[in-house]
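Asks: input_19.cif is reproduced in full below (mmCIF, C-alpha atoms and all ligand atoms).
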```cif
data_data
#
loop_
_atom_site.label_atom_id
_atom_site.label_comp_id
_atom_site.auth_asym_id
_atom_site.auth_seq_id
_atom_site.Cartn_x
_atom_site.Cartn_y
_atom_site.Cartn_z
CA MET A 1 14.73 -16.24 -10.66
CA SER A 2 16.62 -14.43 -7.93
CA ASN A 3 20.27 -15.40 -7.37
CA LEU A 4 19.64 -15.59 -3.64
CA SER A 5 18.67 -18.82 -1.93
CA GLU A 6 15.25 -19.00 -0.28
CA ALA A 7 16.69 -18.43 3.20
CA GLU A 8 18.54 -15.34 2.01
CA LEU A 9 15.45 -13.59 0.64
CA ILE A 10 13.98 -12.60 4.01
CA HIS A 11 15.33 -11.29 7.31
CA LYS A 12 13.61 -10.09 10.45
CA PHE A 13 13.99 -6.63 11.92
CA LYS A 14 12.26 -5.91 15.26
CA GLY A 15 10.25 -9.09 14.71
CA ILE A 16 8.95 -8.05 11.28
CA SER A 17 9.91 -9.77 8.02
CA PHE A 18 11.58 -7.70 5.34
CA THR A 19 13.13 -8.78 2.08
CA THR A 20 16.91 -8.62 2.13
CA ARG A 21 16.61 -5.69 -0.27
CA SER A 22 15.77 -3.69 2.90
CA SER A 23 19.18 -3.68 4.54
CA PRO A 24 19.36 -3.88 8.36
CA GLU A 25 21.68 -0.84 8.29
CA LEU A 26 19.05 1.22 6.49
CA LEU A 27 16.25 0.03 8.79
CA ASN A 28 18.42 0.89 11.77
CA SER A 29 19.20 4.34 10.43
CA LEU A 30 15.75 5.45 9.37
CA ASP A 31 15.27 7.34 12.61
CA THR A 32 18.24 9.56 11.79
CA PHE A 33 16.61 10.53 8.54
CA ASP A 34 15.73 14.20 8.33
CA ALA A 35 12.11 14.78 7.29
CA ARG A 36 10.89 18.02 5.73
CA GLU A 37 7.63 19.61 6.80
CA ASP A 38 6.18 19.40 3.31
CA ASP A 39 6.98 15.70 2.78
CA VAL A 40 3.91 13.66 1.92
CA LEU A 41 3.83 9.99 2.88
CA LEU A 42 1.80 7.33 1.06
CA VAL A 43 1.34 4.59 3.61
CA SER A 44 -0.06 1.11 3.16
CA TYR A 45 0.26 -2.51 4.03
CA PRO A 46 1.39 -4.20 0.78
CA LYS A 47 -1.30 -5.02 -1.78
CA SER A 48 -3.81 -2.49 -0.47
CA GLY A 49 -3.91 -0.20 -3.50
CA THR A 50 -0.66 1.72 -3.03
CA HIS A 51 -0.07 2.10 -6.77
CA TRP A 52 -3.62 3.22 -7.33
CA LEU A 53 -3.24 5.91 -4.69
CA ALA A 54 0.18 6.86 -6.08
CA GLY A 55 -1.40 7.15 -9.53
CA VAL A 56 -4.03 9.55 -8.22
CA ILE A 57 -1.49 11.65 -6.34
CA THR A 58 0.85 11.75 -9.30
CA LYS A 59 -1.99 13.15 -11.37
CA LEU A 60 -3.03 15.63 -8.68
CA TYR A 61 0.48 17.04 -8.41
CA ASN A 62 1.12 16.49 -12.10
CA THR A 63 4.48 14.98 -11.21
CA PRO A 64 5.59 11.37 -10.63
CA VAL A 65 5.93 10.09 -7.06
CA THR A 66 9.45 11.20 -6.26
CA LEU A 67 10.70 8.08 -4.57
CA THR A 68 10.05 5.05 -6.69
CA THR A 69 10.38 2.44 -3.94
CA PRO A 70 9.29 2.51 -0.28
CA ILE A 71 11.60 4.40 2.06
CA GLU A 72 12.55 1.19 3.86
CA LEU A 73 13.64 -0.61 0.70
CA GLY A 74 17.31 -0.41 -0.24
CA ASP A 75 20.63 0.15 1.48
CA MET A 76 22.25 3.17 3.10
CA SER A 77 22.40 4.97 -0.25
CA LYS A 78 18.64 5.41 0.09
CA LEU A 79 19.18 8.09 2.74
CA GLU A 80 21.49 9.97 0.42
CA GLU A 81 18.99 9.63 -2.43
CA LEU A 82 16.27 11.06 -0.19
CA ASN A 83 18.40 13.98 0.92
CA GLN A 84 19.12 14.89 -2.64
CA LEU A 85 15.50 14.93 -3.74
CA SER A 86 14.05 18.38 -4.15
CA SER A 87 10.82 19.25 -2.35
CA LYS A 88 8.04 18.35 -2.50
CA ARG A 89 8.95 14.75 -1.74
CA ILE A 90 6.20 12.16 -2.10
CA ILE A 91 7.39 9.13 -0.18
CA PRO A 92 5.81 5.67 -0.14
CA THR A 93 6.21 3.35 2.84
CA HIS A 94 4.86 0.06 4.17
CA LEU A 95 6.15 0.67 7.69
CA ASP A 96 3.77 0.37 10.59
CA TYR A 97 3.25 3.52 12.66
CA ASN A 98 5.67 2.45 15.38
CA MET A 99 8.53 1.94 12.94
CA LEU A 100 7.96 5.14 11.01
CA PRO A 101 10.94 7.52 11.34
CA GLN A 102 10.28 9.81 14.28
CA HIS A 103 11.01 12.99 12.31
CA PHE A 104 7.94 12.48 10.10
CA LYS A 105 5.85 12.41 13.26
CA ASN A 106 7.56 15.36 14.91
CA LYS A 107 7.18 17.51 11.82
CA LYS A 108 3.56 16.45 11.38
CA CYS A 109 4.10 15.57 7.74
CA LYS A 110 0.95 14.76 5.81
CA MET A 111 0.34 11.03 5.57
CA ILE A 112 -2.28 9.19 3.54
CA TYR A 113 -3.01 5.68 4.74
CA ILE A 114 -4.84 3.31 2.44
CA SER A 115 -6.32 0.11 3.80
CA ARG A 116 -8.11 -2.82 2.20
CA ASN A 117 -10.21 -5.72 3.34
CA PRO A 118 -7.58 -8.14 4.70
CA LYS A 119 -9.07 -11.14 2.91
CA ASP A 120 -8.60 -9.49 -0.48
CA THR A 121 -5.21 -8.20 0.66
CA ALA A 122 -4.15 -11.77 1.53
CA VAL A 123 -5.27 -13.08 -1.85
CA SER A 124 -3.51 -10.27 -3.69
CA MET A 125 -0.34 -10.87 -1.69
CA TYR A 126 -0.49 -14.61 -2.37
CA HIS A 127 -0.47 -13.99 -6.12
CA TYR A 128 2.31 -11.44 -5.69
CA TYR A 129 4.41 -13.96 -3.74
CA ARG A 130 3.89 -16.55 -6.46
CA GLU A 131 5.05 -14.25 -9.23
CA ASN A 132 7.82 -12.30 -7.52
CA PRO A 133 11.31 -13.89 -7.56
CA ASN A 134 12.38 -11.65 -4.66
CA LEU A 135 9.98 -13.39 -2.31
CA PRO A 136 10.08 -16.91 -0.87
CA THR A 137 8.20 -19.66 -2.67
CA VAL A 138 4.76 -20.49 -1.39
CA ASP A 139 3.45 -23.83 -2.51
CA THR A 140 -0.25 -23.46 -1.91
CA TRP A 141 -2.86 -20.89 -1.01
CA THR A 142 -3.50 -22.80 2.22
CA ALA A 143 0.16 -22.56 3.21
CA PHE A 144 0.23 -18.85 2.41
CA LEU A 145 -2.92 -18.14 4.39
CA ASP A 146 -1.29 -19.72 7.46
CA LEU A 147 1.70 -17.41 7.07
CA PHE A 148 -0.54 -14.38 6.57
CA LEU A 149 -2.59 -15.10 9.69
CA GLU A 150 0.60 -15.61 11.69
CA GLY A 151 2.00 -12.33 10.40
CA ASP A 152 4.94 -14.23 8.96
CA VAL A 153 4.94 -12.41 5.61
CA VAL A 154 6.83 -9.34 4.40
CA CYS A 155 5.91 -6.24 6.41
CA GLY A 156 4.55 -8.38 9.22
CA SER A 157 1.05 -8.81 10.51
CA TRP A 158 -1.75 -7.07 8.63
CA PHE A 159 -3.58 -6.77 11.95
CA ASP A 160 -0.71 -5.08 13.79
CA HIS A 161 -0.11 -2.75 10.86
CA PHE A 162 -3.73 -1.69 10.65
CA LEU A 163 -4.10 -1.25 14.41
CA SER A 164 -0.93 0.82 14.67
CA TRP A 165 -2.30 3.29 12.11
CA GLU A 166 -5.90 3.17 13.26
CA GLU A 167 -4.78 4.65 16.56
CA HIS A 168 -3.80 7.77 14.62
CA LYS A 169 -6.66 7.95 12.16
CA ASN A 170 -7.99 11.18 13.69
CA ASP A 171 -4.62 12.94 13.73
CA LYS A 172 -4.97 16.12 11.68
CA ASN A 173 -2.03 15.24 9.44
CA ILE A 174 -3.35 11.77 8.58
CA LEU A 175 -5.97 10.90 5.97
CA PHE A 176 -7.39 7.40 6.31
CA LEU A 177 -8.74 5.80 3.13
CA PHE A 178 -10.21 2.46 2.10
CA TYR A 179 -9.57 0.71 -1.19
CA GLU A 180 -13.22 -0.38 -1.29
CA ASP A 181 -14.37 3.22 -1.02
CA MET A 182 -12.36 4.07 -4.10
CA LYS A 183 -14.17 1.41 -6.11
CA LYS A 184 -17.02 3.34 -7.57
CA LYS A 185 -20.53 2.10 -6.88
CA TYR A 186 -19.46 -1.04 -5.12
CA LYS A 187 -22.96 -2.00 -4.18
CA ASN A 188 -22.46 -4.11 -1.09
CA PHE A 189 -20.01 -1.94 0.69
CA ILE A 190 -21.27 -0.50 3.91
CA LEU A 191 -19.10 2.42 4.95
CA PRO A 192 -21.14 5.09 6.74
CA VAL A 193 -20.50 7.63 4.04
CA SER A 194 -20.81 5.89 0.73
CA GLN A 195 -18.15 7.47 -1.42
CA ASN A 196 -16.67 6.93 -4.82
CA LEU A 197 -13.41 7.75 -6.49
CA SER A 198 -14.29 11.33 -7.41
CA LYS A 199 -15.26 12.10 -3.82
CA ILE A 200 -12.06 10.50 -2.60
CA VAL A 201 -9.96 12.44 -5.11
CA LYS A 202 -11.64 15.63 -3.93
CA GLU A 203 -10.96 14.65 -0.32
CA ILE A 204 -7.30 13.99 -1.11
CA SER A 205 -6.96 17.30 -2.95
CA ILE A 206 -8.42 19.22 -0.01
CA PHE A 207 -6.17 17.35 2.40
CA LEU A 208 -3.11 18.17 0.32
CA GLY A 209 -4.20 21.77 -0.27
CA ILE A 210 -4.40 21.39 -4.03
CA SER A 211 -7.15 23.38 -5.73
CA ILE A 212 -8.67 21.52 -8.64
CA SER A 213 -11.76 21.83 -10.82
CA ASP A 214 -14.51 19.20 -10.90
CA GLU A 215 -13.66 18.61 -14.53
CA ASP A 216 -10.05 17.81 -13.69
CA ILE A 217 -11.23 15.48 -10.93
CA GLN A 218 -13.34 13.57 -13.44
CA ASP A 219 -10.35 13.39 -15.75
CA ILE A 220 -8.15 12.00 -12.96
CA CYS A 221 -10.80 9.39 -12.14
CA LYS A 222 -10.99 8.28 -15.74
CA LYS A 223 -7.21 7.99 -16.01
CA SER A 224 -7.02 6.14 -12.68
CA SER A 225 -9.33 3.30 -13.60
CA PHE A 226 -7.81 -0.16 -13.38
CA SER A 227 -7.80 -0.61 -17.16
CA GLU A 228 -6.23 2.80 -17.87
CA MET A 229 -3.52 2.35 -15.24
CA LYS A 230 -2.77 -1.13 -16.53
CA LYS A 231 -2.48 0.24 -20.06
CA ASP A 232 -0.18 3.04 -18.86
CA THR A 233 2.01 0.49 -17.11
CA GLU A 234 2.33 -1.53 -20.27
CA LYS A 235 3.43 1.64 -22.07
CA GLU A 236 5.90 2.35 -19.25
CA ASN A 237 7.33 -1.13 -19.61
CA SER A 238 7.96 -0.74 -23.30
CA ASP A 239 9.11 2.90 -23.04
CA PRO A 240 10.97 3.71 -19.78
CA SER A 241 10.76 7.45 -20.47
CA HIS A 242 6.97 7.21 -20.14
CA THR A 243 6.70 7.37 -16.35
CA VAL A 244 3.24 7.42 -14.92
CA CYS A 245 3.41 5.37 -11.79
CA ALA A 246 6.90 4.03 -11.30
CA LEU A 247 6.54 2.70 -7.81
CA THR A 248 8.02 -0.72 -8.39
CA SER A 249 10.35 -2.50 -10.75
CA ASN A 250 7.76 -5.32 -10.97
CA ARG A 251 5.07 -3.11 -12.38
CA ASN A 252 3.42 -5.79 -14.47
CA LEU A 253 2.74 -7.79 -11.30
CA ILE A 254 0.69 -4.99 -9.77
CA PHE A 255 -2.40 -4.79 -11.96
CA ARG A 256 -3.87 -8.25 -11.49
CA LYS A 257 -7.67 -8.03 -11.09
CA GLY A 258 -8.42 -4.86 -9.17
CA THR A 259 -11.73 -6.09 -7.78
CA VAL A 260 -13.48 -6.24 -4.43
CA GLY A 261 -14.31 -9.68 -3.08
CA ASP A 262 -11.88 -11.89 -5.01
CA TRP A 263 -11.29 -13.68 -1.69
CA LYS A 264 -14.57 -15.50 -2.29
CA ASN A 265 -12.86 -17.31 -5.17
CA HIS A 266 -10.04 -18.51 -2.91
CA PHE A 267 -11.25 -19.15 0.64
CA THR A 268 -12.89 -22.44 1.56
CA PRO A 269 -15.74 -22.10 4.08
CA LYS A 270 -13.41 -23.51 6.74
CA GLN A 271 -10.65 -21.04 5.93
CA ASN A 272 -13.18 -18.23 6.03
CA LEU A 273 -14.37 -19.30 9.45
CA ARG A 274 -10.84 -19.47 10.75
CA PHE A 275 -9.97 -16.08 9.30
CA ASP A 276 -13.06 -14.57 10.93
CA GLU A 277 -12.06 -16.05 14.28
CA VAL A 278 -8.54 -14.63 14.08
CA PHE A 279 -9.94 -11.32 12.83
CA SER A 280 -12.41 -11.05 15.75
CA GLU A 281 -9.72 -11.82 18.28
CA LYS A 282 -7.03 -9.51 16.87
CA MET A 283 -9.39 -6.67 16.05
CA LYS A 284 -11.43 -6.69 19.23
CA LEU A 285 -10.16 -3.25 20.20
CA SER A 286 -10.60 -1.81 16.72
CA LYS A 287 -13.43 0.65 16.11
CA MET A 288 -13.18 0.16 12.38
CA ALA A 289 -13.24 -3.63 12.22
CA LYS A 290 -16.84 -3.71 11.06
CA TYR A 291 -15.94 -1.79 7.92
CA LEU A 292 -13.35 -4.35 6.90
CA THR A 293 -15.45 -7.49 6.80
CA TYR A 294 -18.17 -8.39 4.35
P1 LIG B 1 -5.33 -7.44 -6.90
O1 LIG B 1 -4.13 -8.28 -6.75
O2 LIG B 1 -6.48 -7.88 -6.02
O3 LIG B 1 -5.76 -7.27 -8.31
P2 LIG B 1 -0.45 -2.41 -4.24
O4 LIG B 1 -0.35 -1.30 -5.22
O5 LIG B 1 -0.55 -1.92 -2.82
O6 LIG B 1 0.63 -3.41 -4.45
O7 LIG B 1 -1.84 -3.14 -4.48
C1 LIG B 1 -2.06 -3.92 -5.63
C2 LIG B 1 -3.55 -4.20 -5.74
O8 LIG B 1 -4.23 -3.00 -6.12
C3 LIG B 1 -3.83 -5.24 -6.83
O9 LIG B 1 -4.98 -5.98 -6.38
C4 LIG B 1 -4.16 -4.33 -8.01
O10 LIG B 1 -4.87 -4.96 -9.04
C5 LIG B 1 -4.97 -3.24 -7.33
N1 LIG B 1 -5.03 -2.02 -8.14
C6 LIG B 1 -3.99 -1.34 -8.67
N2 LIG B 1 -4.46 -0.29 -9.39
C7 LIG B 1 -5.80 -0.32 -9.30
C8 LIG B 1 -6.85 0.51 -9.85
N3 LIG B 1 -6.57 1.53 -10.63
N4 LIG B 1 -8.13 0.18 -9.56
C9 LIG B 1 -8.40 -0.89 -8.76
N5 LIG B 1 -7.46 -1.70 -8.23
C10 LIG B 1 -6.18 -1.41 -8.50
#
```
Please express what this file holds, its structure, as structure tokens.
Ligand code: A3P
Replies:
Amino acid sequence: MSNLSEAELIHKFKGISFTTRSSPELLNSLDTFDAREDDVLLVSYPKSGTHWLAGVITKLYNTPVTLTTPIELGDMSKLEELNQLSSKRIIPTHLDYNMLPQHFKNKKCKMIYISRNPKDTAVSMYHYYRENPNLPTVDTWTAFLDLFLEGDVVCGSWFDHFLSWEEHKNDKNILFLFYEDMKKKYKNFILPVSQNLSKIVKEISIFLGISISDEDIQDICKKSSFSEMKKDTEKENSDPSHTVCALTSNRNLIFRKGTVGDWKNHFTPKQNLRFDEVFSEKMKLSKMAKYLTY
């Protein structure tokens, strides 16, 4: 268990909840942070497949993601740590677009945004809350779902996060991906271009300007399957020198089920109806909403 009391685990910054491991001083100073043109950002709302994406990128560059926790997590020493990293820096973040340090935008750094059906995201986050001592206790799924719909969870509202990034999905320096698209042959998914992991890996490699053979792409896909990444994480846990995807200190909490549609095992029909109502209202200006419900 954490040594902090429940109330001390979370604080709000600009209306968004962060764990107290993200210090207000750091959040306040992010805008002073000096970006480099070749920085690559991995952006997501929590529980959307960040580690999966990081695993793929690690394999594409053949080097671990350079910053092992999101840019907003830590205290002022994080800025120093970032400055000392040699290029190319691969930087994860859960910040919404509006809170992203301005320098990344000015320098048009490449950013890859991964999104996931919010119902599955909520379920994944619920399990993460239950297992993670750095997060407040949630007693029931019902109680958690209320918090999620109100945006009263770490990193704020899923809806606001998605909408803030959707506005920039056609920016040349931003690649917009869906977790469900990375799940190979997911038969019910209805994106206009039905893709699978190898196509996505190819797309990422082109976006990042990495030339790679089809054979290597297949190899990356094999090594990035849920079971392989879970196995790698177990190795990492028992041998810290074996770093494959060191994006969190709670690595064993990350690889839970890795499926599409687990929400159907959690939502009651009434909860589903309510979620759909909130979704329709919040996402009424979104052009991508139809790809996120099924
Ligand atoms: P579940 O909790 O639904 O299993 P994040 O990395 O953003 O914290 O997201 C974690 C979610 O991504 C978890 O979802 C996890 O199982 C899933 N995930 C991680 N690696 C994956 C992979 N290689 N294939 C499919 N899903 C993966």
Asks: Please list as a list in words every residue within 8 Å of range 275-277 of chain A, counting all atoms listed in the file and excluding residues in the same chain fewer than 4 positions away.
Replies: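 Near neighbours after the sequence-gap exclusion: Leu149, Gln271 and Glu281 of chain A.
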Asks: All residues within 6 Å of ligand LIG 1 (chain B) are required, counting only C-alpha atoms and all ligand atoms; please report them as a list in words.
Replies: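 Going residue by residue within 6 Å of ligand LIG 1 (chain B), we get Pro46, Lys47, Ser48, Gly49, Thr50, His51, Trp52, Ser124, Ser224, Ser225, Phe226, Met229, Ile254, Phe255, Arg256, Lys257, Gly258 and Thr259 of chain A.
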Asks: Measure the distance from CA of Leu42 in chain A to CA of Asp75 in chain A in Å and round it to one decimal.
Replies: 20.2 Å
Asks: Ranking A:Leu79, A:Ile57, A:Met283, A:Leu135 by minimum distance to Glu8 in chain A and counting all atoms listed in the file, which one comes first?
Replies: A:Leu135
Asks: Figure out the distance between CA of Lys282 in chain A and CA of Val154 in chain A, please, to one decimal in Å.
Replies: 18.6 Å
Asks: Smallest atom-to-atom distance to Thr69 in chain A: which of A:Leu82, A:Val201, A:Ile217, A:Cys155, using all atoms listed in the file?
Replies: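 Answer, going by the shortest atom-to-atom distance: A:Leu82.
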Asks: Need the shell around Asn117 in chain A: protein/DNA/RNA residues with any atom at most 10 Å away, counting all atoms listed in the file. Skip same-chain ones fewer than 6 positions apart. Format as a PDB file with C-alpha atoms, in the frame of the given file?
Replies:
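Writing done, so here's selection08.pdb:
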```pdb
ATOM      1  CA  SER A  48      -3.810  -2.490  -0.470  1.00  0.00           C
ATOM      2  CA  PHE A 178     -10.210   2.460   2.100  1.00  0.00           C
ATOM      3  CA  TYR A 179      -9.570   0.710  -1.190  1.00  0.00           C
ATOM      4  CA  GLU A 180     -13.220  -0.380  -1.290  1.00  0.00           C
ATOM      5  CA  VAL A 260     -13.480  -6.240  -4.430  1.00  0.00           C
ATOM      6  CA  GLY A 261     -14.310  -9.680  -3.080  1.00  0.00           C
ATOM      7  CA  TRP A 263     -11.290 -13.680  -1.690  1.00  0.00           C
ATOM      8  CA  ALA A 289     -13.240  -3.630  12.220  1.00  0.00           C
ATOM      9  CA  TYR A 291     -15.940  -1.790   7.920  1.00  0.00           C
ATOM     10  CA  LEU A 292     -13.350  -4.350   6.900  1.00  0.00           C
ATOM     11  CA  THR A 293     -15.450  -7.490   6.800  1.00  0.00           C
ATOM     12  CA  TYR A 294     -18.170  -8.390   4.350  1.00  0.00           C
TER      13      TYR A 294
END
```
Asks: Nearest residue to Arg274 in chain A out of A:Val153, A:Leu177, A:Ile212, A:Leu145, using only C-alpha atoms?
Replies: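 Residue with the minimum atom-to-atom distance to Arg274 in chain A: A:Leu145.
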Asks: Which of these, A:Ala54, A:Leu208, A:Cys221, A:Leu67, has the shortest distance to Lys110 in chain A once you count only C-alpha atoms?
Replies: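 Of the candidates, the smallest distance to Lys110 in chain A is held by A:Leu208.
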Asks: Have a look at A:Ser164, A:Ser205, A:Asn272, A:Ser23 and name the one nearest to Ala122 in chain A; count only C-alpha atoms.
Replies: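 Residue with the minimum atom-to-atom distance to Ala122 in chain A: A:Asn272.
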Asks: I'd like to know which of A:His168, A:Ile16, A:Glu81, A:Pro136 is closest to Leu95 in chain A, using all atoms listed in the file.
Replies: A:Ile16
Asks: Take CA of Tyr128 in chain A and CA of Phe104 in chain A and report the distance between them in Å, one decimal.
Replies: 29.2 Å
Asks: Report the centre and edge lengths, in Å to one decimal, of an axis-aligned box enclosing every atom of range 128-133 of chain A listed in the file, padded by 4 Å on each side, as AutoDock Vina command-line options.
Replies:
```
--center_x 6.8 --center_y -14.0 --center_z -6.5 --size_x 17.0 --size_y 13.1 --size_z 13.5
```
Asks: Near Ser286 in chain A, within 10 Å and counting only C-alpha atoms, which residues show up once chain neighbours fewer than 5 positions away are dropped, as number ranges by chain?
Replies: A: 159, 162-163, 166-167, 280
Asks: Name all residues at most 12 Å from Asp34 in chain A (count only C-alpha atoms; drop same-chain ones fewer than 6 positions away) and give them as a PyMOL selection string.
Replies: chain A and resi 79-80+82-84+101-107+109
Asks: I'd like the neighbourhood of Ile204 in chain A as an MDAnalysis selection string, where a residue qualifies if any of its atoms comes within 12 Å (using all atoms listed in the file), though same-chain residues fewer than 2 positions away should be ignored.
Replies: chainID A and resid 40 42 53:54 56:61 110:114 173:177 182 197:202 206:212 217
